[in-house]
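J.: Below: one structure in structure tokens.
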Amino acid sequence: MAKIRRRVHQVLSVARPGDIASHVFDATLVALIILNVVAISLETVSSIAAGRDRYFRAFEAFSVLAFSIEYVLRVWAAVEEPRFSRPLLGRLKFMATPMAIVDLLAVAPFYIPALLPVDLRVIRSLRLLRIVRLLKLGRYSRAMQTIGRVLQAKHQELLMTAFVVLILLLIGSAGVYHAEHEEQPEAFSSIPATLWWGITTLSTVGYGDVVPITPIGKLIGAMVALLGIGMFALPAGILGSAFIDEMRRQRQEVKKCPHCGMEL
């Protein structure tokens, strides 16, 4: 049984050179994920979905069965990795990993309505979670893995930038509320309502549906707009430098033989 489990883990992992079964599994799963995204999109086109509900339901049932079997096998074979080696705690630890959570969310919308008495509106909302299946491609996309490593490496800087933006948003919205509330009580009825204006101004989108008309309000709005350009440029600079560092690291990474581990 341990030998079978080890082989299942090898097949489920990203294919190594020469492992035909693993390559076939990866290609099949990627194709199924892409077809699911296409099906989810086509279901929203009334002219295509009309009269074809049974085909969409059959494909959904097949996909859920395939993804469910994949999830169960991944949990079962997770103990083959040293960090998940403990039979029970190791599997629970694996189930808490980001990709395992994505795998679970990919099939959850199918099972939740059947197991729990939920409102039909909730069921329709849960169906939107099926688009999470697209994230399963993260296992096989080098680009998505690179993005994940970049975000993980710079998460503290990004959180700090987001905190500064939030402070600026609250201060700007509060200032404009006090400057404009008497002149435009409907548009600037409260500070939470004014946050909509703050977001569109800080992001330099400026829909124009809510604009200040008092001199002080215009001054604050101009300052927020100008500061927003700089604030939103910070994450771009942080991510840009991180991408350059990551690409340099990948180019300098020593290649090793997948079988013996020796440097090539």
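Identifiers for the structure tokens are assigned positionally: chains receive A, B, ... in sequence, residues are indexed from 1 per chain, and ligands are indexed from 1 in the order shown.
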Enumerate, as a PyMOL selection string, the complete set of residues in range 19-260 of chain A that a backbone-based DSSP assignment places in helix (DSSP H, G or I).

T.: chain A and resi 20-42+46-49+53-80+82-84+89-95+98-115+120-139+142-153+155-180+191-202+215-252

J.: Write out as JSON, numbers by chain each polymer residue whose atoms come within 10 Å of range 4-11 of chain A, counting only C-alpha atoms; drop sequence neighbours fewer than 6 positions from it.

T.: {"A": [19, 20, 21, 22, 23, 24, 25, 26, 73, 74, 75, 76, 77, 78, 79, 80, 81]}

J.: Dump N, CA and C atoms for the selected residues as a short mmCIF file (atom, residue, chain, number, x, y, z; two decimals), in the first residue's frame?

T.:
data_model
loop_
_atom_site.label_atom_id
_atom_site.label_comp_id
_atom_site.auth_asym_id
_atom_site.auth_seq_id
_atom_site.Cartn_x
_atom_site.Cartn_y
_atom_site.Cartn_z
N ASP A 19 8.35 10.91 -16.70
CA ASP A 19 7.19 10.30 -16.05
C ASP A 19 5.96 10.54 -16.92
N ILE A 20 5.70 9.60 -17.80
CA ILE A 20 4.62 9.76 -18.78
C ILE A 20 3.26 9.84 -18.10
N ALA A 21 3.02 8.99 -17.12
CA ALA A 21 1.72 8.98 -16.44
C ALA A 21 1.44 10.32 -15.77
N SER A 22 2.45 10.88 -15.14
CA SER A 22 2.28 12.18 -14.49
C SER A 22 2.04 13.28 -15.51
N HIS A 23 2.74 13.22 -16.63
CA HIS A 23 2.53 14.22 -17.69
C HIS A 23 1.11 14.14 -18.24
N VAL A 24 0.62 12.92 -18.45
CA VAL A 24 -0.74 12.74 -18.97
C VAL A 24 -1.76 13.26 -17.97
N PHE A 25 -1.54 12.96 -16.68
CA PHE A 25 -2.45 13.45 -15.64
C PHE A 25 -2.47 14.98 -15.61
N ASP A 26 -1.29 15.60 -15.64
CA ASP A 26 -1.22 17.06 -15.59
C ASP A 26 -1.95 17.68 -16.78
N LEU A 73 -7.34 11.79 -3.14
CA LEU A 73 -6.05 11.15 -3.37
C LEU A 73 -4.89 12.02 -2.89
N ARG A 74 -5.03 13.34 -3.08
CA ARG A 74 -3.96 14.25 -2.62
C ARG A 74 -3.86 14.21 -1.09
N VAL A 75 -5.01 14.20 -0.41
CA VAL A 75 -4.99 14.12 1.06
C VAL A 75 -4.40 12.79 1.51
N TRP A 76 -4.78 11.72 0.83
CA TRP A 76 -4.30 10.38 1.19
C TRP A 76 -2.79 10.26 1.00
N ALA A 77 -2.28 10.81 -0.12
CA ALA A 77 -0.86 10.66 -0.45
C ALA A 77 0.01 11.77 0.13
N ALA A 78 -0.59 12.72 0.85
CA ALA A 78 0.18 13.86 1.37
C ALA A 78 1.27 13.43 2.33
N VAL A 79 1.10 12.29 3.02
CA VAL A 79 2.08 11.85 4.02
C VAL A 79 3.40 11.45 3.38
N GLU A 80 3.45 11.35 2.06
CA GLU A 80 4.71 11.03 1.39
C GLU A 80 5.67 12.21 1.44
N GLU A 81 5.17 13.41 1.72
CA GLU A 81 6.05 14.55 1.88
C GLU A 81 6.50 14.62 3.34
#

J.: Could you check which of A:Leu88, A:Leu134, A:Ala96, A:Ile229 is closest to Val30 in chain A, using only C-alpha atoms?

T.: A:Leu134

J.: With a distance cut-off of 7 Å and only C-alpha atoms, select the neighbouring residues of range 192-198 of chain A, excluding the residue or stretch itself and same-chain residues fewer than 5 positions from it, and output the selection as a list in words.

T.: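 Once the adjacent positions are removed, what remains is Leu169, Gly172, Ser173, Tyr177 and Val210 of chain A.
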
J.: Could you work out how far CA of Ala242 in chain A lies from CA of Gly228 in chain A, giving the answer in Å with one decimal?

T.: 21.9 Å

J.: Pick out the residues sitting within 10 Å of range 218-226 of chain A, and hand them over as a list in words; count only C-alpha atoms, and ignore anything fewer than 2 positions along from it in its own chain.

T.: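 Residues near the query, excluding close chain neighbours: Leu168, Leu169, Ile171, Gly172, Ser173, Gly175, Val176, Ala179, Glu180, Trp197, Gly198, Ile199, Thr200, Thr201, Leu202, Ser203, Thr204, Val205, Gly206, Val211, Pro212, Ile213, Thr214, Pro215, Ile216, Gly228, Ile229, Gly230 and Met231 of chain A.
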
J.: Can those selected residues be exported to a file as a compact mmCIF listing (two decimals), in the first residue's frame so that it contains C-alpha atoms?

T.:
# COMPACT_ATOMS: atom_id res chain seq x y z
CA LEU A 168 -5.06 58.61 3.49
CA LEU A 169 -8.47 57.43 2.27
CA ILE A 171 -8.52 61.32 6.29
CA GLY A 172 -9.45 62.60 2.82
CA SER A 173 -13.00 61.26 3.02
CA GLY A 175 -12.22 66.14 5.35
CA VAL A 176 -14.43 66.27 2.27
CA ALA A 179 -16.51 70.47 3.77
CA GLU A 180 -19.35 69.25 1.53
CA TRP A 197 -15.74 59.46 -3.57
CA GLY A 198 -12.43 58.87 -1.75
CA ILE A 199 -11.79 55.57 -3.52
CA THR A 200 -12.55 56.90 -7.00
CA THR A 201 -10.42 59.99 -6.38
CA LEU A 202 -7.52 58.22 -4.70
CA SER A 203 -7.39 55.67 -7.52
CA THR A 204 -7.60 58.57 -10.06
CA VAL A 205 -10.62 56.92 -11.71
CA GLY A 206 -12.94 59.83 -10.98
CA VAL A 211 -17.71 65.71 -6.86
CA PRO A 212 -16.92 68.47 -4.34
CA ILE A 213 -18.17 71.97 -5.14
CA THR A 214 -16.83 74.04 -2.22
CA PRO A 215 -13.33 75.58 -2.41
CA ILE A 216 -12.09 73.56 0.58
CA GLY A 228 -3.10 58.88 -4.90
CA ILE A 229 -0.81 58.82 -7.93
CA GLY A 230 2.20 58.43 -5.66
CA MET A 231 0.55 55.98 -3.31

J.: How many Å lie between CA of Ala143 in chain A and CA of Thr161 in chain A, rounded to one decimal?

T.: 24.2 Å

J.: Taking into account only C-alpha atoms, which residue in the set A:Ser190, A:Leu137, A:Ala174, A:Tyr111 is nearest to Ala27 in chain A?

T.: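 Of A:Ser190, A:Leu137, A:Ala174, A:Tyr111, the one nearest Ala27 in chain A, counting only C-alpha atoms, is A:Leu137.
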
J.: Suppose you want the space between CA of Ala39 in chain A and CA of Tyr55 in chain A; what is it in Å?

T.: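 Distance reported for this atom pair: 10.0 Å.
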
J.: Nearest residue to Leu29 in chain A out of A:Ser63, A:Gln145, A:Thr97, A:Gln252, using only C-alpha atoms?

T.: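 Using only C-alpha atoms, the shortest distance to Leu29 in chain A belongs to A:Ser63.
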
J.: Can you tell me which residues surround range 156-158 of chain A at a distance of at most 12 Å, considering only C-alpha atoms, apart from same-chain residues fewer than 5 positions away, and format the answer as a PDB file with N, CA and C atoms, in the first residue's frame?

T.:
ATOM      1  N   VAL A 150       6.660  36.112  -5.361  1.00  0.00           N
ATOM      2  CA  VAL A 150       6.898  37.550  -5.272  1.00  0.00           C
ATOM      3  C   VAL A 150       6.005  38.165  -4.200  1.00  0.00           C
ATOM      4  N   LEU A 151       4.729  37.804  -4.186  1.00  0.00           N
ATOM      5  CA  LEU A 151       3.811  38.347  -3.186  1.00  0.00           C
ATOM      6  C   LEU A 151       4.203  37.916  -1.778  1.00  0.00           C
ATOM      7  N   PHE A 163      -1.826  49.976   4.251  1.00  0.00           N
ATOM      8  CA  PHE A 163      -2.207  50.663   5.489  1.00  0.00           C
ATOM      9  C   PHE A 163      -2.105  52.183   5.310  1.00  0.00           C
ATOM     10  N   VAL A 164      -1.046  52.636   4.649  1.00  0.00           N
ATOM     11  CA  VAL A 164      -0.889  54.074   4.394  1.00  0.00           C
ATOM     12  C   VAL A 164      -2.008  54.584   3.495  1.00  0.00           C
ATOM     13  N   VAL A 165      -2.347  53.807   2.463  1.00  0.00           N
ATOM     14  CA  VAL A 165      -3.430  54.195   1.558  1.00  0.00           C
ATOM     15  C   VAL A 165      -4.755  54.273   2.314  1.00  0.00           C
ATOM     16  N   MET A 231       0.832  57.126  -4.153  1.00  0.00           N
ATOM     17  CA  MET A 231       0.551  55.979  -3.309  1.00  0.00           C
ATOM     18  C   MET A 231       0.364  54.699  -4.130  1.00  0.00           C
ATOM     19  N   PHE A 232      -0.284  54.804  -5.281  1.00  0.00           N
ATOM     20  CA  PHE A 232      -0.504  53.623  -6.105  1.00  0.00           C
ATOM     21  C   PHE A 232       0.726  53.269  -6.931  1.00  0.00           C
ATOM     22  N   ALA A 233       1.675  54.185  -7.031  1.00  0.00           N
ATOM     23  CA  ALA A 233       2.933  53.872  -7.715  1.00  0.00           C
ATOM     24  C   ALA A 233       3.854  53.046  -6.829  1.00  0.00           C
ATOM     25  N   LEU A 234       3.689  53.166  -5.505  1.00  0.00           N
ATOM     26  CA  LEU A 234       4.547  52.418  -4.576  1.00  0.00           C
ATOM     27  C   LEU A 234       4.435  50.899  -4.756  1.00  0.00           C
ATOM     28  N   PRO A 235       3.211  50.318  -4.750  1.00  0.00           N
ATOM     29  CA  PRO A 235       3.128  48.864  -4.951  1.00  0.00           C
ATOM     30  C   PRO A 235       3.708  48.421  -6.284  1.00  0.00           C
ATOM     31  N   ALA A 236       3.531  49.243  -7.322  1.00  0.00           N
ATOM     32  CA  ALA A 236       4.082  48.883  -8.630  1.00  0.00           C
ATOM     33  C   ALA A 236       5.610  48.806  -8.568  1.00  0.00           C
ATOM     34  N   GLY A 237       6.230  49.765  -7.875  1.00  0.00           N
ATOM     35  CA  GLY A 237       7.679  49.733  -7.729  1.00  0.00           C
ATOM     36  C   GLY A 237       8.151  48.551  -6.907  1.00  0.00           C
ATOM     37  N   ILE A 238       7.423  48.261  -5.825  1.00  0.00           N
ATOM     38  CA  ILE A 238       7.791  47.128  -4.957  1.00  0.00           C
ATOM     39  C   ILE A 238       7.701  45.820  -5.726  1.00  0.00           C
ATOM     40  N   LEU A 239       6.591  45.625  -6.442  1.00  0.00           N
ATOM     41  CA  LEU A 239       6.406  44.384  -7.195  1.00  0.00           C
ATOM     42  C   LEU A 239       7.385  44.294  -8.357  1.00  0.00           C
ATOM     43  N   SER A 241      10.483  45.539  -8.606  1.00  0.00           N
ATOM     44  CA  SER A 241      11.811  45.147  -8.122  1.00  0.00           C
ATOM     45  C   SER A 241      11.824  43.692  -7.663  1.00  0.00           C
ATOM     46  N   ALA A 242      10.715  43.255  -7.060  1.00  0.00           N
ATOM     47  CA  ALA A 242      10.640  41.867  -6.599  1.00  0.00           C
ATOM     48  C   ALA A 242      10.645  40.897  -7.772  1.00  0.00           C
TER      49      ALA A 242
END
